[in-house]
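Each remark here refers to the structure printed beneath this line.
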Number of protein chains: 2
Amino acid sequence: MLKKFINKPEDVVNEMIEGYLVAHKDVVRKLDSSRVLVRKEAPIEGKVGIVTGGGSGHKPAFIGYIGENLLDAVAVGDIFASPSAKQIYDAIKAVDSGRGVLCVLGNYSGDVMNFDMAVEMARDEGIKVEQVIINDDVGSAPRENRENRRGVAGEVIVWKAVGAKAAKGASLEEVKEIAQRVNDNTRSMGVAHSPCAVPSKMYGGEPTFTLGEMEMEIGVGHHGEPGVKRMPIKTADEVTKMLVEPVLEDLPFRKGDRVSVLINGLGSTSLLEMYIIYRKLYQILKGREITIAISFIGEFFTSLEMGGFSITLTRLDKELESLLKSPAKSPLFHYC
Amino acid sequence: MLKKFINKPEDVVNEMIEGYLVAHKDVVRKLDSSRVLVRKEAPIEGKVGIVTGGGSGHKPAFIGYIGENLLDAVAVGDIFASPSAKQIYDAIKAVDSGRGVLCVLGNYSGDVMNFDMAVEMARDEGIKVEQVIINDDVGSAPRENRENRRGVAGEVIVWKAVGAKAAKGASLEEVKEIAQRVNDNTRSMGVAHSPCAVPSKMYGGEPTFTLGEMEMEIGVGHHGEPGVKRMPIKTADEVTKMLVEPVLEDLPFRKGDRVSVLINGLGSTSLLEMYIIYRKLYQILKGREITIAISFIGEFFTSLEMGGFSITLTRLDKELESLLKSPAKSPLFHYC
C-alpha cells in the first residue's frame with residue numbers, strides 16, 4: 001500500500017475542492033448545483049469560454065489552470081474518472097457569454113463520450129460549442145492510428161495557447177483552430193519507474209501497477225496505462241534520448257524548427273532530476289539545430305505520486321510562439 | 001533502493017546546474033570560478049544584495065528563488081551538504097553594490113560555520129555583511145532551546161520578505177531587521193511517511209531513514225533528521241491538527257492575529273493531499289479567530305522525493321504583510 005495523508009477515500013475530491021475554494025476564492029467559485037469550478041468573473045463579456053474537465057489526481061491540472069488567459073471552467077471528476085455529461089454541460093453554460101465555448105479534452109473514452117453528450121445538450125439550447133480532442137501521447141498508439149492516442153501533458157500547452165487567443169477576443173472558430181493547430185504540432189512521451197495509487201483506504205491505496213525493483217516502463221500513460229516497453233532502468237541521458245527520439249521522428253520535427261519544450265514531472269520525480277533531463281534534451285535539440293523558444297520544467301499534469309516524467313515538444317509558428325509567451329496567471333500556473 | 005533518473009551520482013549537482021543555466025539564462029548566470037549562481041544583473045546599483053546557500057536536493061530552493069525581488073546569489077552545496085566558505089564569500093562579493101549584503105541561512109552546523117568564515121573574509125575586505133540564521137522548526141528542539149532549532153521552509157518566507165524590502169532600496173540594517181522579524185514570528189512543523197534518498201549509485205540511492213509500512217514520523221527534518229515521535233499514520237485532519245497545534249502554541253499565535261500560511265510538500269506528497277490539509281488548517285485557524293492573509297500551497301522547499309509536508313505560520317504586521325504581497329518573480333517562484 002502507498003501511504004497518503006487523506007481522510008475517507010470517498011471524500012478526497014470534495015475535500016480537496018473545499019480547500020482549493022477557500023485558498024483561491026479571489027479567482028474561482030464552484031457552481032451551486034454541480035461539481036464544476038469556474039472563474040469568478042465568468043462568463044466574461046465578449047470572450048469565448050474555455051472549458052475542460054477530467055479525472056482528479058492530476059493537479060495542478062485541471063482546476064489549477066482556471067484563471068487569467070487560461071481556462072474558464074473545469075468539470076471535476078473523481079480520481080482518474082471522467083466528470084458526467086451533466087457537469088460538462090453545466091460548465092459550458094456557466095461560461096458562455098454569447099460568443100460560444102470551446103471544450104478541450106484528452107482522448108479518453110469516458111471523457112469523449114461525456115463531452116459529446118454535453119456538447120449536444122448545449123447546442124440544443126442554442127449555445128455555440130466546439131470541441132478539440134487532444135492526443136499527443138506518441139507512446140499510446142502507432143502513428144497510423146494517431147486518432148487512438150491518449151492526451152497527456154500536451155493539453156497544458158493547448159490551454160495556454162487557446163487561453164491567450166480567447167483573451168484577445170478571437171472568435172470561436174479562431175480559438176478552435178488554435179487548439180487544433182497546437183495539437184497537430186505537439187507530441188509527448190512518458191516514462192515511469194514507480195506507480196501511483198488511487199485512494200482506496202483510510203490512509204492510502206494500492207499501486208496502479210507494479211514494476212521490478214530496478215525496472216522502468218517507457219510510454220506509460222498518466223493513469224498508469226501500459227506503455228510500450230518494460231526494461232531495466234537507464235541513466236537520465238539514455239532515458240531522455242529514448243523519449244525524445246520517437247517524439248522527434250513522429251511529427252517529424254526538423255532542423256530549423258522552433259519548439260516549446262515541456263518536461264512534466266508525474267509526482268515524485270524531483271526537479272533536480274528534471275533539470276538533468278533538460279540538460280540532455282537541450283543538447284539533443286541543439287545537435288539537430290532545433291531551437292527551444294520557450295520551456296516549461298516542473299509539475300504541470302501529475303499522476304498523484306507516480307515516479308516518472310514526460311517530454312512534450314510543440315512545433316511553433318510565429319502566432320503559437322507569441323500565444324505561448326503571453327502572460328497568464330492562475331493559482332497554480334504563472335507565466336509573466 | 002529508491003530509483004532515480006540520474007547519470008553518475010557524483011555529477012548530479014553539476015549537471016542539474018548546467019540544465020538550470022541553459023533553461024534560465026535570461027535570469028541567472030554562474031560565476032566562472034565558483035559553484036555560485038547569481039542574478040544576471042548583479043550587483044544591482046543601490047540595492048542590498050541577498051545571499052543564501054545550502055545543500056542541493058531542496059529544489060525549488062535555493063537557486064529557484066534567484067530573481068526579481070527575491071535572492072541575488074546562492075552558493076550551491078552538494079546534495080544535503082553545505083557549500084564551502086569560499087563559495088559563500090564569492091557569492092557575497094559578486095552581489096555587493098556597495099550597499100552591503102545580507103546572508104540568510106538555515107541553522108545547520110556546516111552552513112553556520114561556513115557562512116561565519118565567509119562573512120569574516122568579506123568584512124576583512126571592507127564589504128558590509130550581516131547574517132540572519134533561520135530556525136523555524138518547532139519539531140527540532142524545545143522552546144527553551146530555540147537557538148538550536150533547524151531552519152526549514154520558513155526560509156522561503158524570509159527570502160520573500162527581505163527580497164521585497166531590499167528591492168525598495170532599504171539599508172542593510174533595515175533589511176536585516178526584516179529577516180530577523182520574520183524569523184522571530186515564524187514557526188514550522190513537518191511530518192513524513194516515506195524517506196528520500198541521496199543519489200549514491202547509478203540509478204538511485206538508499207533511503208535516508210526507514211519507517212514501518214503504516215508509520216509516519218512527526219517533526220522529521222528536511223534531510224530526514226529524526227523527529228519528535230513515530231506513530232501509526234493518521235488521517236489528514238488528525239495530522240494537520242498534530243502539526244499546527246504545537247506551532248500555534250509555540251509563538252504563541254493569538255486570536256486576532258493575521259498570518260501567512262505555507263503548506264510545503266516535501267517531494268512526493270500530492271497537491272490533492274495538500275489542499276485537503278489546507279481545508280483543515282483553514283478550519284482550525286478560523287475556529288481560533290486567526291485570519292489567513294496570504295497562503296502558499298505547493299512545493300517550495302523539498303527533500304528530493306520525501307513523502308510528507310510541513311506547515312509554516314508567520315504572524316504578520318502591516319509591513320510584513322505588504323512585503324509578502326509584493327510581486328516577485330524567479331524561474332521557480334512567482335507572486336503577482
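Going by the C-alpha cells order, chains are called A, B, ..., each with residues numbered from 1, while ligands are numbered from 1 in the order shown.
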
Handout entry: Residues of chain B within 7 Å of chain A, counting only C-alpha atoms, as a ChimeraX atom specification
Key = /B:3,5-7,15-16,18-20,57,59,193,203,235-237,267-273,275-276,278-279,304-305,334

As a compact mmCIF listing (two decimals) with C-alpha atoms, in the first residue's frame, please: chain B after a least-squares superposition onto chain A using all C-alpha atoms matched in order.
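Output contents, as saved in part_37.txt:
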# COMPACT_ATOMS: atom_id res chain seq x y z
CA MET B 1 -0.01 0.00 0.00
CA LEU B 2 1.15 3.56 -0.75
CA LYS B 3 0.59 5.84 2.23
CA LYS B 4 -1.26 9.13 1.83
CA PHE B 5 -2.43 11.97 4.04
CA ILE B 6 -6.17 11.76 3.39
CA ASN B 7 -9.36 11.28 5.34
CA LYS B 8 -12.04 8.93 3.97
CA PRO B 9 -11.07 7.89 0.42
CA GLU B 10 -14.56 8.68 -0.87
CA ASP B 11 -14.19 12.28 0.35
CA VAL B 12 -10.84 13.20 -1.20
CA VAL B 13 -12.17 15.10 -4.22
CA ASN B 14 -14.80 17.09 -2.33
CA GLU B 15 -12.39 17.95 0.48
CA MET B 16 -9.68 18.96 -1.98
CA ILE B 17 -12.19 21.25 -3.72
CA GLU B 18 -13.22 22.74 -0.40
CA GLY B 19 -9.58 23.51 0.39
CA TYR B 20 -9.01 24.92 -3.08
CA LEU B 21 -12.01 27.21 -2.85
CA VAL B 22 -11.04 28.75 0.48
CA ALA B 23 -7.44 29.18 -0.71
CA HIS B 24 -8.32 30.75 -4.05
CA LYS B 25 -11.71 32.36 -3.56
CA ASP B 26 -10.50 35.52 -5.30
CA VAL B 27 -10.11 33.58 -8.54
CA VAL B 28 -12.55 30.65 -8.61
CA ARG B 29 -16.01 29.73 -7.46
CA LYS B 30 -17.99 26.50 -7.55
CA LEU B 31 -21.37 26.18 -9.22
CA ASP B 32 -24.05 25.63 -6.60
CA SER B 33 -25.57 22.57 -8.17
CA SER B 34 -22.66 20.85 -9.83
CA ARG B 35 -19.04 19.81 -9.16
CA VAL B 36 -17.81 22.44 -11.58
CA LEU B 37 -15.26 25.16 -10.82
CA VAL B 38 -15.41 28.39 -12.82
CA ARG B 39 -13.57 31.68 -12.95
CA LYS B 40 -15.14 34.06 -10.51
CA GLU B 41 -15.93 36.60 -13.27
CA ALA B 42 -17.30 34.06 -15.79
CA PRO B 43 -18.98 34.44 -18.21
CA ILE B 44 -16.67 37.16 -19.49
CA GLU B 45 -18.31 39.61 -21.89
CA GLY B 46 -17.08 39.24 -25.45
CA LYS B 47 -14.80 36.27 -24.73
CA VAL B 48 -15.09 32.70 -25.94
CA GLY B 49 -15.30 30.45 -22.88
CA ILE B 50 -12.70 27.69 -22.46
CA VAL B 51 -13.88 24.53 -20.73
CA THR B 52 -12.06 21.37 -19.87
CA GLY B 53 -12.59 18.52 -17.46
CA GLY B 54 -11.33 15.14 -16.46
CA GLY B 55 -10.48 12.95 -13.54
CA SER B 56 -8.89 14.29 -10.36
CA GLY B 57 -5.38 13.36 -9.27
CA HIS B 58 -3.51 15.33 -11.92
CA LYS B 59 -3.05 18.60 -10.04
CA PRO B 60 -2.10 21.33 -10.95
CA ALA B 61 -4.34 20.06 -13.80
CA PHE B 62 -7.15 20.71 -14.29
CA ILE B 63 -8.54 23.25 -11.81
CA GLY B 64 -5.17 24.88 -11.16
CA TYR B 65 -5.36 26.43 -14.64
CA ILE B 66 -8.61 28.33 -14.15
CA GLY B 67 -7.55 31.95 -14.35
CA GLU B 68 -6.47 34.88 -16.48
CA ASN B 69 -5.71 33.96 -20.09
CA LEU B 70 -6.22 30.30 -19.29
CA LEU B 71 -9.32 28.23 -18.50
CA ASP B 72 -12.81 29.47 -17.61
CA ALA B 73 -14.30 26.26 -16.19
CA VAL B 74 -13.43 22.71 -15.24
CA ALA B 75 -15.81 19.79 -14.71
CA VAL B 76 -14.19 17.81 -11.91
CA GLY B 77 -14.36 14.01 -12.00
CA ASP B 78 -13.48 11.51 -9.29
CA ILE B 79 -9.90 10.30 -9.12
CA PHE B 80 -8.89 9.26 -12.66
CA ALA B 81 -12.59 9.18 -13.71
CA SER B 82 -14.48 11.33 -16.19
CA PRO B 83 -16.88 14.01 -15.00
CA SER B 84 -20.50 13.44 -16.06
CA ALA B 85 -22.11 14.90 -19.17
CA LYS B 86 -24.33 16.98 -16.88
CA GLN B 87 -21.30 18.54 -15.17
CA ILE B 88 -19.68 19.37 -18.50
CA TYR B 89 -22.95 20.84 -19.78
CA ASP B 90 -23.19 22.98 -16.61
CA ALA B 91 -19.61 24.16 -17.16
CA ILE B 92 -20.35 25.14 -20.77
CA LYS B 93 -23.48 27.00 -19.78
CA ALA B 94 -21.77 28.85 -16.94
CA VAL B 95 -19.06 30.38 -19.12
CA ASP B 96 -20.96 31.18 -22.33
CA SER B 97 -21.08 34.94 -22.85
CA GLY B 98 -22.85 34.50 -26.18
CA ARG B 99 -19.63 34.21 -28.16
CA GLY B 100 -19.51 30.44 -27.72
CA VAL B 101 -17.46 27.89 -25.82
CA LEU B 102 -14.52 25.71 -26.74
CA CYS B 103 -14.11 22.38 -24.95
CA VAL B 104 -10.62 20.93 -24.82
CA LEU B 105 -10.32 17.36 -23.58
CA GLY B 106 -7.94 14.45 -23.52
CA ASN B 107 -8.64 11.43 -25.68
CA TYR B 108 -10.12 9.02 -23.10
CA SER B 109 -13.28 7.11 -23.95
CA GLY B 110 -15.23 8.22 -20.86
CA ASP B 111 -14.31 11.88 -21.34
CA VAL B 112 -15.02 11.76 -25.08
CA MET B 113 -18.45 10.17 -24.56
CA ASN B 114 -19.47 12.62 -21.85
CA PHE B 115 -18.17 15.70 -23.66
CA ASP B 116 -20.03 14.58 -26.82
CA MET B 117 -23.28 14.35 -24.89
CA ALA B 118 -22.71 17.65 -23.11
CA VAL B 119 -21.91 19.47 -26.34
CA GLU B 120 -25.11 18.13 -27.87
CA MET B 121 -27.15 19.22 -24.85
CA ALA B 122 -25.66 22.72 -25.01
CA ARG B 123 -26.21 23.03 -28.77
CA ASP B 124 -29.83 22.00 -28.28
CA GLU B 125 -30.15 25.11 -26.15
CA GLY B 126 -28.61 27.28 -28.83
CA ILE B 127 -25.13 27.64 -27.31
CA LYS B 128 -22.34 27.64 -29.87
CA VAL B 129 -19.88 24.93 -28.77
CA GLU B 130 -16.92 23.31 -30.41
CA GLN B 131 -14.53 20.73 -29.06
CA VAL B 132 -10.98 19.63 -29.74
CA ILE B 133 -9.68 16.30 -28.51
CA ILE B 134 -6.01 16.20 -27.53
CA ASN B 135 -3.97 13.14 -28.45
CA ASP B 136 -0.30 13.97 -28.02
CA ASP B 137 0.94 10.70 -26.48
CA VAL B 138 3.19 9.00 -29.03
CA GLY B 139 3.59 6.04 -26.67
CA SER B 140 -0.07 5.08 -26.72
CA ALA B 141 -0.61 4.06 -30.37
CA PRO B 142 1.39 3.89 -33.59
CA ARG B 143 1.45 6.84 -35.97
CA GLU B 144 -1.07 5.31 -38.39
CA ASN B 145 -3.60 5.14 -35.54
CA ARG B 146 -2.94 8.63 -34.26
CA GLU B 147 -6.64 9.16 -33.54
CA ASN B 148 -6.41 6.45 -30.87
CA ARG B 149 -3.63 8.15 -28.94
CA ARG B 150 -4.23 9.42 -25.44
CA GLY B 151 -3.89 13.04 -24.41
CA VAL B 152 -1.24 13.76 -21.82
CA ALA B 153 0.73 16.85 -20.76
CA GLY B 154 0.37 18.44 -24.20
CA GLU B 155 -3.04 19.58 -23.01
CA VAL B 156 -1.31 22.22 -20.88
CA ILE B 157 0.25 23.75 -23.99
CA VAL B 158 -3.14 23.79 -25.69
CA TRP B 159 -4.78 25.51 -22.69
CA LYS B 160 -2.03 28.13 -22.60
CA ALA B 161 -2.40 28.92 -26.31
CA VAL B 162 -6.20 28.93 -26.53
CA GLY B 163 -6.46 30.86 -23.27
CA ALA B 164 -4.30 33.61 -24.75
CA LYS B 165 -6.16 33.56 -28.07
CA ALA B 166 -9.59 33.75 -26.43
CA ALA B 167 -8.45 36.61 -24.20
CA LYS B 168 -7.65 38.63 -27.32
CA GLY B 169 -11.31 38.48 -28.30
CA ALA B 170 -10.91 35.89 -31.07
CA SER B 171 -13.98 34.09 -32.43
CA LEU B 172 -14.90 30.51 -31.51
CA GLU B 173 -13.70 29.32 -34.91
CA GLU B 174 -10.36 31.07 -34.47
CA VAL B 175 -9.86 29.71 -30.95
CA LYS B 176 -10.76 26.20 -32.11
CA GLU B 177 -8.29 26.45 -34.95
CA ILE B 178 -5.52 27.32 -32.47
CA ALA B 179 -6.35 24.28 -30.30
CA GLN B 180 -6.27 22.06 -33.36
CA ARG B 181 -3.05 23.59 -34.61
CA VAL B 182 -1.28 23.14 -31.26
CA ASN B 183 -2.50 19.54 -31.03
CA ASP B 184 -1.36 18.77 -34.58
CA ASN B 185 2.10 20.09 -33.75
CA THR B 186 2.51 18.54 -30.29
CA ARG B 187 3.96 15.15 -29.37
CA SER B 188 4.71 13.65 -25.94
CA MET B 189 6.28 10.55 -24.47
CA GLY B 190 6.48 9.46 -20.85
CA VAL B 191 8.31 7.03 -18.61
CA ALA B 192 7.76 5.81 -15.05
CA HIS B 193 9.75 3.79 -12.56
CA SER B 194 7.19 3.83 -9.74
CA PRO B 195 3.40 3.70 -9.68
CA CYS B 196 0.81 5.90 -8.04
CA ALA B 197 -2.23 4.74 -6.08
CA VAL B 198 -5.86 5.74 -6.27
CA PRO B 199 -7.02 6.45 -2.69
CA SER B 200 -9.00 3.38 -1.68
CA LYS B 201 -8.43 3.05 2.06
CA MET B 202 -8.22 5.29 5.08
CA TYR B 203 -4.51 6.07 4.69
CA GLY B 204 -3.70 5.35 1.05
CA GLY B 205 -4.29 2.86 -1.71
CA GLU B 206 -2.83 0.04 -3.77
CA PRO B 207 -0.35 0.85 -6.57
CA THR B 208 -1.96 1.08 -10.03
CA PHE B 209 0.77 -1.14 -11.48
CA THR B 210 3.93 -2.86 -10.31
CA LEU B 211 7.43 -2.78 -11.71
CA GLY B 212 10.51 -4.74 -10.74
CA GLU B 213 12.93 -3.22 -8.25
CA MET B 214 15.19 -1.80 -10.98
CA GLU B 215 12.65 -1.61 -13.80
CA MET B 216 11.09 1.28 -15.68
CA GLU B 217 8.35 1.45 -18.30
CA ILE B 218 8.53 3.61 -21.41
CA GLY B 219 5.32 5.07 -22.82
CA VAL B 220 3.29 4.58 -19.65
CA GLY B 221 0.06 6.62 -19.53
CA HIS B 222 -0.62 9.17 -16.85
CA HIS B 223 -3.12 6.93 -15.12
CA GLY B 224 -0.68 4.04 -15.25
CA GLU B 225 -1.90 2.65 -18.57
CA PRO B 226 0.51 0.09 -20.04
CA GLY B 227 3.30 1.58 -22.11
CA VAL B 228 5.45 0.43 -24.98
CA LYS B 229 8.17 -1.46 -23.17
CA ARG B 230 9.45 -2.49 -19.75
CA MET B 231 13.18 -2.66 -19.23
CA PRO B 232 15.89 -2.15 -16.63
CA ILE B 233 16.13 1.50 -15.57
CA LYS B 234 18.60 3.54 -17.63
CA THR B 235 20.55 6.72 -16.95
CA ALA B 236 18.86 10.12 -17.26
CA ASP B 237 20.74 10.76 -20.51
CA GLU B 238 19.71 7.42 -22.02
CA VAL B 239 16.08 7.79 -20.95
CA THR B 240 15.90 11.33 -22.32
CA LYS B 241 17.18 10.07 -25.67
CA MET B 242 14.70 7.17 -25.64
CA LEU B 243 11.79 9.56 -25.08
CA VAL B 244 12.73 12.42 -27.36
CA GLU B 245 13.75 10.43 -30.44
CA PRO B 246 10.30 8.89 -31.08
CA VAL B 247 8.78 12.31 -30.40
CA LEU B 248 11.07 13.99 -32.93
CA GLU B 249 10.50 11.34 -35.59
CA ASP B 250 6.75 11.21 -35.21
CA LEU B 251 5.81 14.72 -36.34
CA PRO B 252 8.59 14.91 -37.60
CA PHE B 253 10.44 17.86 -36.09
CA ARG B 254 13.12 19.20 -38.42
CA LYS B 255 16.30 21.25 -38.46
CA GLY B 256 15.40 24.92 -38.17
CA ASP B 257 12.20 24.34 -36.19
CA ARG B 258 11.43 26.48 -33.18
CA VAL B 259 9.80 24.48 -30.40
CA SER B 260 8.23 24.68 -26.99
CA VAL B 261 9.62 22.13 -24.53
CA LEU B 262 7.67 20.79 -21.57
CA ILE B 263 9.31 18.44 -19.06
CA ASN B 264 6.49 17.31 -16.82
CA GLY B 265 7.13 15.54 -13.54
CA LEU B 266 4.50 12.90 -12.78
CA GLY B 267 4.61 13.37 -9.01
CA SER B 268 7.66 12.14 -7.14
CA THR B 269 10.40 12.81 -9.65
CA SER B 270 12.44 15.71 -8.29
CA LEU B 271 13.21 18.99 -10.02
CA LEU B 272 16.87 18.03 -9.60
CA GLU B 273 16.25 15.13 -11.97
CA MET B 274 14.16 17.24 -14.34
CA TYR B 275 16.98 19.74 -14.83
CA ILE B 276 19.43 16.89 -15.50
CA ILE B 277 16.95 15.69 -18.13
CA TYR B 278 16.57 19.19 -19.56
CA ARG B 279 20.36 19.41 -19.93
CA LYS B 280 20.40 16.34 -22.18
CA LEU B 281 17.27 17.37 -24.08
CA TYR B 282 18.86 20.75 -24.79
CA GLN B 283 21.99 19.02 -26.12
CA ILE B 284 19.98 16.70 -28.38
CA LEU B 285 17.87 19.51 -29.83
CA LYS B 286 20.91 21.74 -30.29
CA GLY B 287 22.64 18.91 -32.15
CA ARG B 288 19.68 18.74 -34.52
CA GLU B 289 19.59 22.54 -34.94
CA ILE B 290 16.16 22.77 -33.33
CA THR B 291 15.72 25.95 -31.25
CA ILE B 292 13.98 25.94 -27.87
CA ALA B 293 11.87 29.10 -27.94
CA ILE B 294 10.17 28.51 -24.60
CA SER B 295 10.46 25.87 -21.93
CA PHE B 296 8.35 24.65 -19.03
CA ILE B 297 10.04 22.46 -16.41
CA GLY B 298 8.20 21.16 -13.36
CA GLU B 299 4.93 19.51 -12.38
CA PHE B 300 2.16 20.59 -14.74
CA PHE B 301 -0.01 17.47 -15.08
CA THR B 302 0.82 14.86 -12.46
CA SER B 303 -0.38 11.36 -11.70
CA LEU B 304 -0.59 11.68 -7.91
CA GLU B 305 2.76 10.36 -6.62
CA MET B 306 3.91 8.49 -9.74
CA GLY B 307 7.70 8.40 -10.21
CA GLY B 308 8.44 9.44 -13.77
CA PHE B 309 8.15 12.25 -16.24
CA SER B 310 7.19 13.06 -19.80
CA ILE B 311 8.69 15.18 -22.54
CA THR B 312 6.41 17.25 -24.78
CA LEU B 313 7.55 19.14 -27.85
CA THR B 314 5.41 21.58 -29.81
CA ARG B 315 6.48 22.95 -33.19
CA LEU B 316 5.87 26.68 -33.19
CA ASP B 317 4.96 29.21 -35.80
CA LYS B 318 5.04 32.95 -35.05
CA GLU B 319 1.49 33.04 -33.74
CA LEU B 320 1.81 30.00 -31.49
CA GLU B 321 5.08 31.27 -30.07
CA SER B 322 3.52 34.63 -29.29
CA LEU B 323 0.47 33.00 -27.66
CA LEU B 324 2.64 30.75 -25.50
CA LYS B 325 4.72 33.75 -24.44
CA SER B 326 1.68 35.84 -23.45
CA PRO B 327 1.21 36.44 -19.74
CA ALA B 328 -1.08 34.03 -17.92
CA LYS B 329 -1.99 33.72 -14.28
CA SER B 330 -3.93 31.20 -12.24
CA PRO B 331 -3.47 29.82 -8.72
CA LEU B 332 -1.17 27.03 -9.91
CA PHE B 333 0.30 28.40 -13.14
CA HIS B 334 2.06 31.66 -13.86
CA TYR B 335 3.73 33.00 -16.92
CA CYS B 336 4.80 36.59 -16.82

Exercise for the section: Write down as a PyMOL selection string the residues of region 158-273 of chain A whose backbone DSSP state falls under alpha helix (DSSP H). Expected result: chain A and resi 158-167+172-184+236-250+271-273
